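Here is the structure we will look at, set down as structure tokens.
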Amino acid sequence: MKKLKHLLLVLVCVTLAAFAMTGCEKTSSQKEDEAQSEIEAQNIKDVTSFTKNFANLMTKYTYEDFETAQESGNTIVSVTFDNDWGVRWKQFVDEYGEVASAKVLDATKSDGLYSDQIILSNSSNADEGNQMILTIKYNDQLTAVSTTIGEYSDDSKETVGSKMETAGINTATGLIVVFVILVFLSFVIYCFRFIGGSEKPQNKDKTAKQAAPAAPAPAPAAAAPAESTEAEELADQEELVAVIAAAIAASEGTSPEGFRVRSIKRLRSNKWR
């Protein structure tokens with residue numbers, strides 16, 4: 001019995017040791033993930049801080065000041081990034097004038113690069129005026145490697161009236177385009193009438209020319225019945241003459257070949273003489 005208790009105790013200890021080792025392994029991997037997450041979180045904070053410095057420089061100094069510093073050989077951050085950053089800054093100044101205010105958004109990480117954005121405005125309020133959005137990307141060493149700039153508008157702050165106005169303009173534009181296309185198609189279909197009309201007279205002339213020589217052809221067909229009628233009447237007369245000649249020859253007691261019937265006339269009276 002004691003041996004059985006010792007055996008069970010040993011099995012429990014082994015099981016607990018196995019669970020403990022498994023727990024240690026999971027904890028180490030979790031620690032690595034947590035450490036990586038902490039590094040990325042700190043990098044995002046640093047990126048946001050760097051971006052705020054750039055935003056402060058753009059609002060504190062004019063672009064002419066930055067250009068003058070460049071011409072004198074002074075670098076604010078780095079030569080490569082100064083050139084890229086300066087081009088974007090000049091794009092905004094050429095479009096809307098000097099930067100009056102700048103708002104930095106939260107930094108993010110994507111495709112191995114950190115990026116942060118600055119909303120530039122020519123108004124003292126960053127949420128008003130003419131706006132453009134400047135995007136700055138950083139590598140893992142938190143060095144700025146590229147910048148881009150583009151137009152910016154916050155649709156979430158747009159009023160219902162302005163949204164309805166935009167929708168109405170888009171709808172009206174679509175309807176106008178559709179009607180213009182329909183009018184153009186109607187005009188094209190209408191022009192087909194003239195194209196078909198110019199071909200019809202030519203076809204009629206060709207048909208008339210082909211039919212003209214064949215017009216006299218029905219004449220012989222009309223004469224054929226007349227000739228057949230005359231032949232039938234002549235045959236009837238010859239039979240009648242033969243019958244009359246035979247009757248006369250019988251009454252005279254001679255042969256029909258001894259005389260010739262020259263004419264036959266009907267008397268007014270129905271009696272024979």
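Labeling convention for the structure tokens: chains A, B, ... as they appear, residues from 1 per chain, ligands from 1 in order of appearance.
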
Taking the chain letters and numbering used in this document, name the residues of region 43-196 of chain A that DSSP puts in strand (DSSP E or B), as an MDAnalysis selection string. chainID A and resid 101:104 108:110 113:121 131:138 144:151

Which residues are near Ser153 (chain A)? Cut-off 9 Å, only C-alpha atoms, ignore same chain within fewer than 5 positions. Put them as a ChimeraX atom specification. /A:130-133,158

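Coordinates place CA of Glu151 (chain A) at a distance of 22.0 Å from CA of Tyr61 (chain A).
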
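Distance check against Thr108 (chain A) using only C-alpha atoms: of A:Thr48, A:Asn56, A:Thr75, A:Thr147, the minimum falls on A:Thr48.
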
Can you pull out the residues contacting Ala55 (chain A)? Cut-off 9 Å, using only C-alpha atoms, and skip same-chain residues under 4 positions away; I want them as number ranges by chain. A: 50-51, 59-60, 101-104, 118-120

Contact residues around Ala144 (chain A) with only C-alpha atoms at 12 Å, ignoring same-chain residues under 6 positions, as a ChimeraX atom specification: /A:46-48,50-51,54,77-85,113-116,135-138

Phe66 (chain A) environment, 9 Å, only C-alpha atoms, sequence neighbours closer than 5 positions dropped, as number ranges by chain: A: 58, 61, 71, 76, 86

Dump as a PDB file, in the first residue's frame, selection limited to N, CA, C and O atoms:
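The file below, part.pdb, is the result:
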ATOM      1  N   MET A  58       7.690  73.622 -39.612  1.00  0.00           N
ATOM      2  CA  MET A  58       6.930  74.164 -40.756  1.00  0.00           C
ATOM      3  C   MET A  58       6.007  75.298 -40.331  1.00  0.00           C
ATOM      4  O   MET A  58       5.630  76.135 -41.164  1.00  0.00           O
ATOM      5  N   TYR A  61       8.769  78.455 -38.945  1.00  0.00           N
ATOM      6  CA  TYR A  61       9.543  79.161 -39.962  1.00  0.00           C
ATOM      7  C   TYR A  61       8.766  79.174 -41.284  1.00  0.00           C
ATOM      8  O   TYR A  61       7.898  78.336 -41.529  1.00  0.00           O
ATOM      9  N   GLU A  71      20.559  77.082 -48.684  1.00  0.00           N
ATOM     10  CA  GLU A  71      21.550  77.732 -49.548  1.00  0.00           C
ATOM     11  C   GLU A  71      22.835  78.056 -48.795  1.00  0.00           C
ATOM     12  O   GLU A  71      23.922  78.045 -49.383  1.00  0.00           O
ATOM     13  N   ILE A  76      18.920  70.887 -41.337  1.00  0.00           N
ATOM     14  CA  ILE A  76      18.066  70.806 -40.148  1.00  0.00           C
ATOM     15  C   ILE A  76      18.015  69.380 -39.615  1.00  0.00           C
ATOM     16  O   ILE A  76      18.128  69.143 -38.423  1.00  0.00           O
ATOM     17  N   GLY A  86      11.659  69.352 -48.203  1.00  0.00           N
ATOM     18  CA  GLY A  86      11.534  70.701 -48.739  1.00  0.00           C
ATOM     19  C   GLY A  86      10.666  70.761 -49.985  1.00  0.00           C
ATOM     20  O   GLY A  86       9.897  71.716 -50.190  1.00  0.00           O
TER      21      GLY A  86
END

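Note that the spacing between CA of Ser29 (chain A) and CA of Asp140 (chain A) amounts to 22.0 Å.
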
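All residues in region 87-121 of chain A with a DSSP state of alpha helix (DSSP H), computed from the backbone, read Val87, Arg88, Trp89, Lys90, Gln91, Phe92, Val93, Asp94, Glu95 and Tyr96 of chain A.
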
Could you dump the residues just selected with C-alpha atoms as a PDB file, in the first residue's frame?
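After the write, result_34.pdb holds the following:
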ATOM      1  CA  VAL A  87       9.908  69.693 -52.027  1.00  0.00           C
ATOM      2  CA  ARG A  88       6.657  68.770 -50.231  1.00  0.00           C
ATOM      3  CA  TRP A  89       6.757  71.944 -48.171  1.00  0.00           C
ATOM      4  CA  LYS A  90       7.149  74.017 -51.333  1.00  0.00           C
ATOM      5  CA  GLN A  91       4.215  72.205 -52.960  1.00  0.00           C
ATOM      6  CA  PHE A  92       1.911  73.371 -50.183  1.00  0.00           C
ATOM      7  CA  VAL A  93       3.290  76.921 -50.210  1.00  0.00           C
ATOM      8  CA  ASP A  94       2.876  77.198 -53.984  1.00  0.00           C
ATOM      9  CA  GLU A  95      -0.720  75.962 -53.712  1.00  0.00           C
ATOM     10  CA  TYR A  96      -2.066  77.681 -50.572  1.00  0.00           C
TER      11      TYR A  96
END

Interatomic distance between CA of Asp106 (chain A) and CA of Tyr152 (chain A)? 16.2 Å

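Checking A:Val180, A:Ile44, A:Leu142, A:Ala100 one by one against Asn125 (chain A), counting only C-alpha atoms, you find the shortest gap at A:Ala100.
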
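If you measure from each of A:Ile39, A:Val99, A:Ala69, A:Ile181 to Gln141 (chain A) using only C-alpha atoms, the closest one turns out to be A:Ile39.
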